[in-house]
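Peer 1: So I've got this file, run.csv, and it contains CSV, C-alpha atoms:
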```
chain,number,residue,atom,x,y,z
A,1,MET,CA,48.3,92.4,69.5
A,2,ILE,CA,46.8,91.0,72.7
A,3,ASN,CA,45.0,94.3,73.4
A,4,ARG,CA,43.5,94.3,69.9
A,5,PHE,CA,42.3,90.7,70.3
A,6,ARG,CA,40.8,91.6,73.7
A,7,ALA,CA,39.0,94.6,72.1
A,8,PHE,CA,37.7,92.3,69.3
A,9,VAL,CA,36.4,89.8,71.9
A,10,ARG,CA,34.6,92.5,73.8
A,11,ALA,CA,33.1,93.9,70.6
A,12,ASN,CA,31.8,90.5,69.4
A,13,GLN,CA,31.0,88.8,72.7
A,14,ARG,CA,27.4,88.3,71.6
A,15,TYR,CA,28.5,85.9,68.8
A,16,LEU,CA,31.9,84.5,69.7
A,17,PRO,CA,30.7,82.0,72.3
A,18,VAL,CA,28.6,80.2,69.6
A,19,VAL,CA,31.6,80.3,67.3
A,20,PHE,CA,33.8,78.6,70.0
A,21,PHE,CA,31.1,76.1,70.7
A,22,MET,CA,31.0,75.1,67.1
A,23,ALA,CA,34.8,75.1,66.9
A,24,GLY,CA,34.9,72.6,69.7
A,25,PHE,CA,32.3,70.5,67.9
A,26,VAL,CA,34.1,70.5,64.6
A,27,TRP,CA,37.5,69.8,66.1
A,28,ASP,CA,36.3,66.7,68.0
A,29,SER,CA,34.4,65.4,64.9
A,30,LEU,CA,37.7,65.4,63.0
A,31,THR,CA,40.0,64.0,65.8
A,32,LEU,CA,38.0,61.6,68.0
A,33,GLY,CA,37.7,57.9,67.0
A,34,ARG,CA,37.4,55.0,69.4
A,35,ILE,CA,35.9,55.7,72.8
A,36,ASP,CA,38.5,53.4,74.5
A,37,ARG,CA,41.5,54.9,72.7
A,38,LEU,CA,44.0,56.6,75.1
A,39,TYR,CA,44.0,59.8,73.1
A,40,ASP,CA,40.2,60.0,73.3
A,41,ARG,CA,40.3,59.4,77.1
A,42,ILE,CA,42.9,62.1,77.6
A,43,ILE,CA,41.0,64.6,75.5
A,44,LEU,CA,37.7,64.1,77.2
A,45,CYS,CA,39.2,64.2,80.7
A,46,THR,CA,41.1,67.3,79.8
A,47,TYR,CA,37.9,69.0,78.5
A,48,LEU,CA,35.9,68.2,81.6
A,49,SER,CA,38.7,69.2,83.9
A,50,SER,CA,39.3,72.4,82.0
A,51,LEU,CA,35.6,73.2,82.0
A,52,THR,CA,35.6,72.8,85.8
A,53,VAL,CA,38.5,75.1,86.3
A,54,CYS,CA,37.1,77.7,83.9
A,55,LEU,CA,33.7,77.7,85.7
A,56,TYR,CA,35.6,78.3,89.0
A,57,LEU,CA,37.7,81.2,87.5
A,58,PHE,CA,34.7,82.8,85.8
A,59,ASN,CA,32.4,82.8,88.8
A,60,LEU,CA,35.0,84.4,91.1
A,61,ALA,CA,36.0,87.0,88.5
A,62,ASP,CA,33.1,89.3,89.5
A,63,ASP,CA,34.4,89.4,93.0
A,64,GLY,CA,37.7,90.9,92.0
A,65,LYS,CA,39.4,87.6,93.0
A,66,TRP,CA,41.9,87.8,90.1
A,67,GLU,CA,42.9,91.5,90.3
A,68,ASP,CA,46.7,91.9,90.1
A,69,THR,CA,47.1,88.2,89.3
A,70,PHE,CA,48.1,86.2,86.2
A,71,PHE,CA,44.4,85.5,85.4
A,72,GLU,CA,43.2,89.1,85.3
A,73,LYS,CA,44.2,89.8,81.7
A,74,TYR,CA,42.6,86.6,80.5
A,75,GLN,CA,39.3,86.6,82.4
A,76,ASP,CA,37.5,88.1,79.4
A,77,TYR,CA,38.2,84.9,77.5
A,78,LEU,CA,36.7,82.6,80.1
A,79,PRO,CA,33.2,82.6,78.5
A,80,LEU,CA,34.7,81.5,75.2
A,81,ALA,CA,36.7,78.8,76.9
A,82,ILE,CA,33.6,77.5,78.6
A,83,GLN,CA,31.7,77.4,75.3
A,84,PHE,CA,34.7,75.6,73.6
A,85,PHE,CA,34.9,72.9,76.2
A,86,LEU,CA,31.1,72.4,76.2
A,87,GLY,CA,31.2,72.2,72.5
A,88,GLY,CA,34.0,69.7,72.6
A,89,LEU,CA,32.2,67.4,75.1
A,90,CYS,CA,28.9,67.7,73.2
A,91,SER,CA,30.5,66.7,69.9
A,92,ALA,CA,32.2,63.7,71.5
A,93,TYR,CA,28.9,62.5,72.9
A,94,VAL,CA,27.2,62.9,69.5
A,95,ILE,CA,30.1,61.0,67.8
A,96,TYR,CA,29.9,58.1,70.2
A,97,PHE,CA,26.1,57.9,70.5
A,98,SER,CA,25.4,58.3,66.8
A,99,ARG,CA,27.4,55.1,66.0
A,100,SER,CA,24.3,53.2,67.1
A,101,VAL,CA,21.7,52.6,64.4
A,102,SER,CA,19.1,53.0,67.2
A,103,PHE,CA,19.6,56.8,67.0
A,104,SER,CA,16.0,57.4,66.1
A,105,LYS,CA,14.9,55.7,69.4
A,106,THR,CA,17.1,58.1,71.4
A,107,VAL,CA,16.7,61.3,69.5
A,108,ILE,CA,14.9,63.0,72.5
A,109,PHE,CA,18.2,62.6,74.5
A,110,PHE,CA,20.1,64.5,71.8
A,111,ILE,CA,17.4,67.1,71.5
A,112,LEU,CA,17.8,67.8,75.2
A,113,LEU,CA,21.6,67.9,74.9
A,114,VAL,CA,21.5,70.4,72.1
A,115,ALA,CA,18.7,72.5,73.7
A,116,LEU,CA,20.5,72.7,76.9
A,117,LEU,CA,23.8,73.7,75.4
A,118,PHE,CA,22.3,76.3,73.0
A,119,ALA,CA,19.9,77.7,75.6
A,120,ASN,CA,22.3,80.4,76.4
A,121,GLU,CA,21.4,82.2,73.1
A,122,LEU,CA,17.8,82.5,74.4
A,123,LEU,CA,18.8,83.8,77.8
A,124,LYS,CA,19.3,87.5,78.4
A,125,LYS,CA,22.6,87.0,80.2
A,126,ARG,CA,23.7,84.0,78.1
A,127,ILE,CA,26.7,82.2,79.4
A,128,SER,CA,26.9,84.5,82.5
A,129,ASN,CA,23.7,82.9,83.7
A,130,LYS,CA,24.8,80.8,86.6
A,131,TYR,CA,21.8,78.5,86.5
A,132,LEU,CA,22.6,77.6,82.9
A,133,GLN,CA,26.3,77.2,83.6
A,134,PHE,CA,25.9,74.7,86.4
A,135,SER,CA,23.0,72.8,84.8
A,136,ALA,CA,24.9,72.4,81.5
A,137,TYR,CA,28.0,71.4,83.5
A,138,PHE,CA,26.1,68.7,85.4
A,139,PHE,CA,24.5,67.3,82.2
A,140,VAL,CA,27.8,66.9,80.4
A,141,ASN,CA,29.4,65.6,83.6
A,142,PHE,CA,26.8,63.0,84.1
A,143,THR,CA,26.9,62.0,80.5
A,144,PHE,CA,30.7,61.6,80.7
A,145,PHE,CA,30.6,59.3,83.6
A,146,THR,CA,27.8,57.1,82.2
A,147,PHE,CA,30.2,55.8,79.6
A,148,PHE,CA,33.6,56.4,81.3
A,149,VAL,CA,32.9,54.3,84.4
A,150,PRO,CA,31.6,51.3,82.5
A,151,MET,CA,34.6,51.5,80.2
A,152,VAL,CA,37.0,51.5,83.2
A,153,VAL,CA,35.4,48.6,85.0
A,154,GLY,CA,34.7,46.6,81.9
A,155,THR,CA,31.0,46.1,82.2
A,156,MET,CA,27.7,48.0,82.4
A,157,ASN,CA,24.5,47.5,84.4
A,158,GLN,CA,22.0,49.4,86.5
A,159,PHE,CA,24.4,49.6,89.5
A,160,ILE,CA,27.2,51.0,87.4
A,161,PHE,CA,24.8,53.6,85.9
A,162,MET,CA,23.7,54.7,89.3
A,163,LEU,CA,27.3,54.8,90.5
A,164,SER,CA,28.1,57.1,87.6
A,165,GLY,CA,25.3,59.4,88.5
A,166,ALA,CA,26.4,59.6,92.1
A,167,ILE,CA,29.9,60.4,91.1
A,168,SER,CA,28.9,63.2,88.8
A,169,LEU,CA,26.3,64.5,91.3
A,170,GLY,CA,29.0,64.6,94.0
A,171,ILE,CA,31.5,66.5,91.8
A,172,THR,CA,28.9,69.0,90.7
A,173,LEU,CA,27.5,69.7,94.1
A,174,GLY,CA,31.0,70.1,95.5
A,175,LEU,CA,31.9,72.7,92.8
A,176,ILE,CA,28.7,74.6,93.3
A,177,ILE,CA,29.0,74.7,97.1
A,178,TYR,CA,32.7,75.8,96.9
A,179,ILE,CA,31.9,78.6,94.5
A,180,TYR,CA,28.8,79.6,96.5
A,181,ASN,CA,30.8,79.9,99.7
A,182,ALA,CA,33.7,81.7,98.0
A,183,SER,CA,31.8,84.1,95.8
A,184,PRO,CA,29.6,86.9,97.3
A,185,SER,CA,28.4,87.8,93.8
A,186,THR,CA,27.2,84.2,93.2
A,187,ARG,CA,25.3,84.2,96.5
A,188,GLU,CA,23.6,87.4,95.4
A,189,GLU,CA,22.7,86.1,91.9
A,190,ILE,CA,21.3,82.7,92.6
A,191,SER,CA,19.2,80.9,95.2
A,192,PHE,CA,21.0,77.9,96.4
A,193,GLY,CA,17.7,75.9,96.8
A,194,LYS,CA,16.6,76.8,93.3
A,195,MET,CA,20.0,75.7,92.0
A,196,LEU,CA,19.7,72.4,93.8
A,197,GLY,CA,16.3,72.0,92.3
A,198,PHE,CA,17.7,72.3,88.7
A,199,ILE,CA,20.5,69.8,89.4
A,200,PHE,CA,18.3,67.2,91.0
A,201,GLY,CA,15.7,67.8,88.3
A,202,ILE,CA,18.3,66.9,85.6
A,203,TYR,CA,19.4,64.0,87.7
A,204,LEU,CA,16.0,62.5,87.9
A,205,LEU,CA,15.3,63.3,84.2
A,206,ILE,CA,18.4,61.4,83.0
A,207,HIS,CA,17.5,58.4,85.3
A,208,THR,CA,14.0,58.5,83.7
A,209,PHE,CA,15.6,58.4,80.3
A,210,TYR,CA,17.7,55.4,81.4
A,211,PHE,CA,14.9,53.3,82.8
A,212,PHE,CA,12.8,54.0,79.7
A,213,ASN,CA,15.7,52.9,77.4
A,214,LEU,CA,16.0,56.4,75.9
A,215,ILE,CA,19.8,56.7,76.3
A,216,PRO,CA,22.1,54.7,74.0
A,217,PRO,CA,24.1,52.2,76.0
A,218,VAL,CA,27.4,53.8,75.3
A,219,PRO,CA,30.2,52.5,75.3
A,220,LEU,CA,28.5,49.8,73.3
A,221,ALA,CA,27.4,50.6,69.8
A,222,LEU,CA,25.7,48.7,67.0
A,223,ASP,CA,28.0,49.2,64.0
A,224,GLU,CA,26.0,46.9,61.6
A,225,GLY,CA,22.7,45.1,61.6
A,226,LEU,CA,21.5,43.1,58.6
A,227,VAL,CA,18.7,40.7,57.9
A,228,ALA,CA,20.1,38.0,55.6
A,229,HIS,CA,19.3,34.9,53.6
A,230,HIS,CA,22.5,33.2,54.8
A,231,VAL,CA,25.5,33.7,57.1
A,232,GLU,CA,28.6,31.5,56.8
A,233,ARG,CA,31.6,31.6,59.1
A,234,SER,CA,34.9,30.7,57.7
A,235,ASP,CA,37.9,30.9,60.1
A,236,ASP,CA,37.8,34.5,61.3
A,237,THR,CA,35.5,35.9,58.7
A,238,TYR,CA,31.7,36.0,58.2
A,239,VAL,CA,30.1,36.0,54.8
A,240,VAL,CA,26.6,37.6,54.9
A,241,THR,CA,24.3,37.1,51.9
A,242,TYR,CA,21.4,39.6,51.9
A,243,GLU,CA,19.0,41.6,49.7
A,244,ARG,CA,19.9,45.2,48.9
A,245,GLU,CA,17.7,48.1,48.4
A,246,PRO,CA,17.3,49.7,44.9
A,247,TRP,CA,20.3,51.8,43.9
A,248,TYR,CA,18.5,55.1,44.4
A,249,LYS,CA,18.0,54.4,48.1
A,250,ILE,CA,21.5,55.5,49.0
A,251,TRP,CA,20.7,56.0,52.7
A,252,LYS,CA,20.0,52.3,53.3
A,253,ASP,CA,21.7,49.2,52.1
A,254,ASN,CA,19.6,46.3,53.5
A,255,ARG,CA,16.2,45.8,51.8
A,256,HIS,CA,13.2,46.1,54.1
A,257,GLN,CA,11.2,43.6,52.0
A,258,PHE,CA,12.4,40.0,52.5
A,259,GLU,CA,11.5,37.4,49.9
A,260,TYR,CA,11.0,34.3,52.0
A,261,GLU,CA,10.8,30.8,50.8
A,262,PRO,CA,8.8,28.6,53.2
A,263,GLY,CA,11.0,26.3,55.3
A,264,SER,CA,14.2,28.3,54.8
A,265,ASP,CA,16.0,30.3,57.5
A,266,VAL,CA,16.1,34.0,58.1
A,267,TYR,CA,19.3,35.3,59.7
A,268,VAL,CA,20.0,38.5,61.6
A,269,PHE,CA,23.7,39.5,61.7
A,270,THR,CA,25.1,42.1,64.0
A,271,SER,CA,28.4,43.7,64.6
A,272,ILE,CA,28.7,45.4,68.0
A,273,PHE,CA,31.5,47.7,69.0
A,274,ALA,CA,32.7,47.4,72.6
A,275,PRO,CA,35.9,48.7,74.3
A,276,SER,CA,38.9,46.4,74.9
A,277,ASP,CA,38.4,43.8,77.7
A,278,PHE,CA,34.7,44.6,77.8
A,279,ARG,CA,32.3,41.7,78.1
A,280,LYS,CA,28.5,41.9,77.9
A,281,ASP,CA,25.5,39.6,77.3
A,282,ILE,CA,23.5,40.6,74.2
A,283,LEU,CA,20.1,39.5,73.1
A,284,HIS,CA,18.3,39.3,69.8
A,285,ARG,CA,14.6,39.7,70.6
A,286,TRP,CA,12.6,38.6,67.6
A,287,LYS,CA,9.1,40.3,67.4
A,288,TRP,CA,6.2,39.9,65.0
A,289,TYR,CA,3.4,42.4,64.5
A,290,SER,CA,0.2,40.5,64.9
A,291,PRO,CA,-2.7,41.8,62.7
A,292,HIS,CA,-5.1,40.1,65.0
A,293,THR,CA,-4.1,41.9,68.2
A,294,ASN,CA,-2.5,45.0,66.6
A,295,ASN,CA,0.5,44.5,68.9
A,296,TRP,CA,4.1,43.4,68.7
A,297,GLU,CA,4.5,39.8,70.0
A,298,VAL,CA,7.8,38.5,71.2
A,299,ILE,CA,8.5,35.3,69.3
A,300,ASP,CA,11.9,34.4,70.7
A,301,GLU,CA,15.0,35.8,72.5
A,302,ILE,CA,18.4,34.4,71.6
A,303,GLY,CA,21.4,35.6,73.5
A,304,PHE,CA,25.2,35.5,73.3
A,305,GLU,CA,28.2,37.2,75.0
A,306,ILE,CA,30.3,39.8,73.2
A,307,THR,CA,33.9,40.6,73.8
A,308,GLY,CA,35.3,44.1,73.0
A,309,GLY,CA,38.5,45.2,71.4
A,310,ARG,CA,37.8,44.7,67.7
A,311,ASP,CA,37.7,47.9,65.6
A,312,GLU,CA,34.9,46.6,63.4
A,313,GLY,CA,32.9,45.2,66.3
A,314,PHE,CA,32.1,41.8,67.7
A,315,ARG,CA,30.2,39.7,65.1
A,316,GLY,CA,27.4,37.4,65.8
A,317,TYR,CA,24.1,36.2,64.4
A,318,THR,CA,20.9,34.4,65.2
A,319,TYR,CA,18.4,32.8,62.9
A,320,LYS,CA,14.8,31.4,62.7
A,321,ASN,CA,12.6,29.5,60.4
A,322,LYS,CA,8.8,28.9,60.0
A,323,MET,CA,8.4,32.7,59.6
A,324,MET,CA,5.0,34.3,59.5
A,325,GLU,CA,4.2,36.9,56.9
A,326,GLY,CA,4.1,40.5,57.9
A,327,GLU,CA,6.2,43.0,59.8
A,328,TRP,CA,9.1,41.8,62.0
A,329,GLU,CA,11.6,43.5,64.3
A,330,VAL,CA,14.7,42.2,66.0
A,331,ASP,CA,15.7,44.3,69.0
A,332,VAL,CA,19.4,44.2,69.7
A,333,ILE,CA,19.5,44.7,73.5
A,334,THR,CA,21.6,44.2,76.6
A,335,LYS,CA,20.5,41.8,79.3
A,336,GLU,CA,19.0,44.8,81.2
A,337,GLY,CA,16.9,45.8,78.1
A,338,LEU,CA,18.9,48.8,76.9
A,339,VAL,CA,18.5,49.1,73.2
A,340,LEU,CA,21.5,49.1,70.9
A,341,GLY,CA,19.5,49.0,67.7
A,342,ILE,CA,16.3,47.7,66.0
A,343,ILE,CA,16.5,45.8,62.7
A,344,SER,CA,13.1,45.9,61.0
A,345,PHE,CA,12.0,44.0,57.9
A,346,GLU,CA,8.8,42.6,56.2
A,347,ILE,CA,8.4,39.0,55.4
A,348,ASP,CA,6.8,38.3,52.0
A,349,ILE,CA,6.1,34.6,51.6
A,350,ASP,CA,6.3,33.5,48.0
A,351,SER,CA,7.8,30.1,47.0
A,352,THR,CA,8.3,31.3,43.4
A,353,ALA,CA,9.9,34.7,44.1
A,354,GLN,CA,13.6,35.3,43.6
A,355,PRO,CA,15.6,37.4,46.1
A,356,TYR,CA,16.0,41.0,45.0
A,357,ARG,CA,19.6,42.3,44.3
A,358,LEU,CA,21.2,39.5,46.3
A,359,SER,CA,24.7,40.5,47.5
A,360,SER,CA,27.4,39.1,49.8
A,361,ARG,CA,29.6,41.1,52.2
A,362,THR,CA,32.5,39.8,54.2
A,363,PHE,CA,32.9,40.9,57.8
```
If you took the structure in this file and wrote it as C-alpha cells, what would it be?
Peer 2:
Amino acid sequence: MINRFRAFVRANQRYLPVVFFMAGFVWDSLTLGRIDRLYDRIILCTYLSSLTVCLYLFNLADDGKWEDTFFEKYQDYLPLAIQFFLGGLCSAYVIYFSRSVSFSKTVIFFILLVALLFANELLKKRISNKYLQFSAYFFVNFTFFTFFVPMVVGTMNQFIFMLSGAISLGITLGLIIYIYNASPSTREEISFGKMLGFIFGIYLLIHTFYFFNLIPPVPLALDEGLVAHHVERSDDTYVVTYEREPWYKIWKDNRHQFEYEPGSDVYVFTSIFAPSDFRKDILHRWKWYSPHTNNWEVIDEIGFEITGGRDEGFRGYTYKNKMMEGEWEVDVITKEGLVLGIISFEIDIDSTAQPYRLSSRTF
C-alpha cells in the first residue's frame, strides 16, 4: 500500500504540491476562527515549526543524510508537506487579514503573498528551488510574528513591529546558515550572498509596506463600519439607525448616499475586533474632498481606546454636525496611522428629503 502511494506521488509530483497547498488553504478556512483562540495559536505554531523541520529534512536529503534512517522512506513526501504547511499558513493570514473592510487598501500585500507562494509553478525546479524555499519561509515567518508578538504582549506599535521582524530574520538566517554548513549540495546550488540578498530584500519590502500603511494591522480588524443617522446606547447594546442600499446591491448594506438635514448629526459607528486583554488607541479621522483644491482635507480627528476580548468587536462611535455637501471619508486608524478601514459616503443636503430605506440594527 505504501509502495503504491509512493509510486503515485512520484508519477504526479508535478501537480501534487499545488493540491496539498490548496488542501492546507481549505482546511484552515474551515477550522480557524479567532486569532487569539488557543486552538488557532497551537495550529499556527505547529505549522511554522513543522515547515521549519521539513525544510531542514528536505535540504539534507540530497546529501544522503537520511539513508538507513526512519526518514528515508518518507523523504519523497517532504515537498508535499512543505506545500501543505505553506498553504495552511497562507490561508490563516488571508482569513485574519480579510476580516478588515480595508482589504482594498492592502490588496498589494495579498498579491505578493499569493505570487510568492505560487511562484514555484513558474520555476523549472519548483519547490526544489532553494531560493524560493527560504524566501517563502521568511515571508510567512515574518508575517506570523507581526501579529503573534503583538497578541502576546497585548499592544502594537512601531517598536513591536520591528521586534517581530528581527525575531523572524534571526530564525530564518539561523536555519539557512545551519543548512548551508551541513549540506554540501546546498552550498553547490546556491550563493550564500545571493540568498542573503533575497532575504534582506523581502525584509526591506515588508518594512516599506508597513510604513506606507499597506499591511493590515492584524491582530486588529474592523468588523463593522457604518455611517448612521443616529446611534443610541442602552445598557450593553448599541442601536444604530442608518440608510440601506437598494435590495439588489447585495454586496453592500450601508448606503453611500446620505440624506442630510442641515443642523443634524452624522454618526460613524465601528466595531473593532481585538484579542483578549489587548488595548489600543483608535482614531476616527473625518475627511472631506474639497472641490476647490481637489484634495482630501482633514476636518477632525476623534479618538477612543478599545479593549479586546469581545467576539463581535469593541463598539464605539463618533459624530459631527454642520456637514458640507460632497464626498466624505472616515479613516479608522491606529494612533500610529495604520489603517483598519475606510468608511466612505456622500452628503446630499436637502431639508425636504426623507432618509432612504431607514433601518436599525442592534450591536
Peer 1: Which distance in Å separates atom CA of Phe138 of chain A and atom CA of Leu214 of chain A, to one decimal?
Peer 2: 18.5 Å
Peer 1: Just the residues within 7 Å of His230 of chain A, please, counting all atoms listed in the file, with nothing from its chain fewer than 6 positions along; format it as a PyMOL selection string.
Peer 2: chain A and resi 240-241+267
Peer 1: Between A:Val153, A:Cys54, A:Ala136, A:Ile176, which one has atoms that come closest to Arg279 of chain A, using all atoms listed in the file?
Peer 2: A:Val153
Peer 1: Would you be able to write out as a PDB file with C-alpha atoms, in the coordinates of the input which residues have an atom within 12 Å of (32.8, 72.5, 82.7) in the file's coordinates, counting only C-alpha atoms?
Peer 2:
```pdb
ATOM      1  CA  LEU A  44      37.700  64.100  77.200  1.00  0.00           C
ATOM      2  CA  CYS A  45      39.200  64.200  80.700  1.00  0.00           C
ATOM      3  CA  THR A  46      41.100  67.300  79.800  1.00  0.00           C
ATOM      4  CA  TYR A  47      37.900  69.000  78.500  1.00  0.00           C
ATOM      5  CA  LEU A  48      35.900  68.200  81.600  1.00  0.00           C
ATOM      6  CA  SER A  49      38.700  69.200  83.900  1.00  0.00           C
ATOM      7  CA  SER A  50      39.300  72.400  82.000  1.00  0.00           C
ATOM      8  CA  LEU A  51      35.600  73.200  82.000  1.00  0.00           C
ATOM      9  CA  THR A  52      35.600  72.800  85.800  1.00  0.00           C
ATOM     10  CA  VAL A  53      38.500  75.100  86.300  1.00  0.00           C
ATOM     11  CA  CYS A  54      37.100  77.700  83.900  1.00  0.00           C
ATOM     12  CA  LEU A  55      33.700  77.700  85.700  1.00  0.00           C
ATOM     13  CA  TYR A  56      35.600  78.300  89.000  1.00  0.00           C
ATOM     14  CA  LEU A  57      37.700  81.200  87.500  1.00  0.00           C
ATOM     15  CA  PHE A  58      34.700  82.800  85.800  1.00  0.00           C
ATOM     16  CA  ASN A  59      32.400  82.800  88.800  1.00  0.00           C
ATOM     17  CA  LEU A  78      36.700  82.600  80.100  1.00  0.00           C
ATOM     18  CA  PRO A  79      33.200  82.600  78.500  1.00  0.00           C
ATOM     19  CA  LEU A  80      34.700  81.500  75.200  1.00  0.00           C
ATOM     20  CA  ALA A  81      36.700  78.800  76.900  1.00  0.00           C
ATOM     21  CA  ILE A  82      33.600  77.500  78.600  1.00  0.00           C
ATOM     22  CA  GLN A  83      31.700  77.400  75.300  1.00  0.00           C
ATOM     23  CA  PHE A  84      34.700  75.600  73.600  1.00  0.00           C
ATOM     24  CA  PHE A  85      34.900  72.900  76.200  1.00  0.00           C
ATOM     25  CA  LEU A  86      31.100  72.400  76.200  1.00  0.00           C
ATOM     26  CA  GLY A  87      31.200  72.200  72.500  1.00  0.00           C
ATOM     27  CA  GLY A  88      34.000  69.700  72.600  1.00  0.00           C
ATOM     28  CA  LEU A  89      32.200  67.400  75.100  1.00  0.00           C
ATOM     29  CA  CYS A  90      28.900  67.700  73.200  1.00  0.00           C
ATOM     30  CA  LEU A 117      23.800  73.700  75.400  1.00  0.00           C
ATOM     31  CA  ILE A 127      26.700  82.200  79.400  1.00  0.00           C
ATOM     32  CA  LEU A 132      22.600  77.600  82.900  1.00  0.00           C
ATOM     33  CA  GLN A 133      26.300  77.200  83.600  1.00  0.00           C
ATOM     34  CA  PHE A 134      25.900  74.700  86.400  1.00  0.00           C
ATOM     35  CA  SER A 135      23.000  72.800  84.800  1.00  0.00           C
ATOM     36  CA  ALA A 136      24.900  72.400  81.500  1.00  0.00           C
ATOM     37  CA  TYR A 137      28.000  71.400  83.500  1.00  0.00           C
ATOM     38  CA  PHE A 138      26.100  68.700  85.400  1.00  0.00           C
ATOM     39  CA  PHE A 139      24.500  67.300  82.200  1.00  0.00           C
ATOM     40  CA  VAL A 140      27.800  66.900  80.400  1.00  0.00           C
ATOM     41  CA  ASN A 141      29.400  65.600  83.600  1.00  0.00           C
ATOM     42  CA  PHE A 142      26.800  63.000  84.100  1.00  0.00           C
ATOM     43  CA  PHE A 144      30.700  61.600  80.700  1.00  0.00           C
ATOM     44  CA  SER A 168      28.900  63.200  88.800  1.00  0.00           C
ATOM     45  CA  ILE A 171      31.500  66.500  91.800  1.00  0.00           C
ATOM     46  CA  THR A 172      28.900  69.000  90.700  1.00  0.00           C
ATOM     47  CA  LEU A 175      31.900  72.700  92.800  1.00  0.00           C
ATOM     48  CA  ILE A 176      28.700  74.600  93.300  1.00  0.00           C
TER      49      ILE A 176
END
```
Peer 1: Please provide as a list of chain:residue names all residues within 6 Å of segment 334-345 of chain A, with the sequence filter that same-chain residues fewer than 4 positions apart are discarded (counting only C-alpha atoms).
Peer 2: A:Val101, A:Ser102, A:Asn213, A:Leu222, A:His256, A:Gln257, A:Asp281, A:Ile282, A:Trp328, A:Glu329, A:Val330
Peer 1: List the neighbours of Leu38 of chain A out to 12 Å using only C-alpha atoms; skip same-chain residues closer than 6 positions along the sequence, and give me the result as a PyMOL selection string.
Peer 2: chain A and resi 32+44-45+151-152+275-276
Peer 1: Write a file of the selected residues as a PDB file, in the frame of the given file, keeping C-alpha atoms.
Peer 2:
```pdb
ATOM      1  CA  LEU A  32      38.000  61.600  68.000  1.00  0.00           C
ATOM      2  CA  LEU A  44      37.700  64.100  77.200  1.00  0.00           C
ATOM      3  CA  CYS A  45      39.200  64.200  80.700  1.00  0.00           C
ATOM      4  CA  MET A 151      34.600  51.500  80.200  1.00  0.00           C
ATOM      5  CA  VAL A 152      37.000  51.500  83.200  1.00  0.00           C
ATOM      6  CA  PRO A 275      35.900  48.700  74.300  1.00  0.00           C
ATOM      7  CA  SER A 276      38.900  46.400  74.900  1.00  0.00           C
TER       8      SER A 276
END
```
Peer 1: From the options A:Gly316, A:Gly263, A:Gly309, A:Gly154, which residue's atoms come nearest to Leu283 of chain A, counting all atoms listed in the file?
Peer 2: A:Gly316
Peer 1: So, with only C-alpha atoms as the atoms that count, which of A:Gly225, A:Tyr289, A:Thr237, A:Asn295 lies closest to Val332 of chain A?
Peer 2: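 Of A:Gly225, A:Tyr289, A:Thr237, A:Asn295, the one nearest Val332 of chain A, counting only C-alpha atoms, is A:Gly225.
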Peer 1: Name the closest residue to Asp348 of chain A among the candidates A:Phe314, A:Pro291, A:Tyr260, A:Ser271; distances are taken between atoms, counting all atoms listed in the file.
Peer 2: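 Among the listed residues, A:Tyr260 lies closest to Asp348 of chain A.
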Peer 1: Quick one: of A:Asn129, A:Ser183, A:Ser359, A:Ser351, who's nearest to Met195 of chain A, counting all atoms listed in the file?
Peer 2: A:Asn129
Peer 1: Can you work out the spacing between atom CA of Val268 of chain A and atom CA of Tyr317 of chain A in Å, to one decimal?
Peer 2: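 Atom CA of Tyr317 of chain A lies 5.5 Å from atom CA of Val268 of chain A.
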Peer 1: What gap, in Å, lies between atom CA of Ile167 of chain A and atom CA of Val149 of chain A?
Peer 2: 9.5 Å
Peer 1: Scan for residues within 10 Å of the point (27.4, 54.5, 84.5) in the coordinates of the file, using only C-alpha atoms, and reply as a PDB file with C-alpha atoms, keeping the file's coordinate frame.
Peer 2:
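The result, stored in selection04.pdb:
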```pdb
ATOM      1  CA  PHE A 142      26.800  63.000  84.100  1.00  0.00           C
ATOM      2  CA  THR A 143      26.900  62.000  80.500  1.00  0.00           C
ATOM      3  CA  PHE A 144      30.700  61.600  80.700  1.00  0.00           C
ATOM      4  CA  PHE A 145      30.600  59.300  83.600  1.00  0.00           C
ATOM      5  CA  THR A 146      27.800  57.100  82.200  1.00  0.00           C
ATOM      6  CA  PHE A 147      30.200  55.800  79.600  1.00  0.00           C
ATOM      7  CA  PHE A 148      33.600  56.400  81.300  1.00  0.00           C
ATOM      8  CA  VAL A 149      32.900  54.300  84.400  1.00  0.00           C
ATOM      9  CA  PRO A 150      31.600  51.300  82.500  1.00  0.00           C
ATOM     10  CA  MET A 151      34.600  51.500  80.200  1.00  0.00           C
ATOM     11  CA  VAL A 153      35.400  48.600  85.000  1.00  0.00           C
ATOM     12  CA  THR A 155      31.000  46.100  82.200  1.00  0.00           C
ATOM     13  CA  MET A 156      27.700  48.000  82.400  1.00  0.00           C
ATOM     14  CA  ASN A 157      24.500  47.500  84.400  1.00  0.00           C
ATOM     15  CA  GLN A 158      22.000  49.400  86.500  1.00  0.00           C
ATOM     16  CA  PHE A 159      24.400  49.600  89.500  1.00  0.00           C
ATOM     17  CA  ILE A 160      27.200  51.000  87.400  1.00  0.00           C
ATOM     18  CA  PHE A 161      24.800  53.600  85.900  1.00  0.00           C
ATOM     19  CA  MET A 162      23.700  54.700  89.300  1.00  0.00           C
ATOM     20  CA  LEU A 163      27.300  54.800  90.500  1.00  0.00           C
ATOM     21  CA  SER A 164      28.100  57.100  87.600  1.00  0.00           C
ATOM     22  CA  GLY A 165      25.300  59.400  88.500  1.00  0.00           C
ATOM     23  CA  ALA A 166      26.400  59.600  92.100  1.00  0.00           C
ATOM     24  CA  ILE A 167      29.900  60.400  91.100  1.00  0.00           C
ATOM     25  CA  SER A 168      28.900  63.200  88.800  1.00  0.00           C
ATOM     26  CA  PRO A 217      24.100  52.200  76.000  1.00  0.00           C
ATOM     27  CA  VAL A 218      27.400  53.800  75.300  1.00  0.00           C
ATOM     28  CA  PRO A 219      30.200  52.500  75.300  1.00  0.00           C
TER      29      PRO A 219
END
```
Peer 1: Nearest residue to Leu173 of chain A out of A:Arg310, A:Glu245, A:Gly197, A:Arg37, using only C-alpha atoms?
Peer 2: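 Among the listed residues, A:Gly197 lies closest to Leu173 of chain A.
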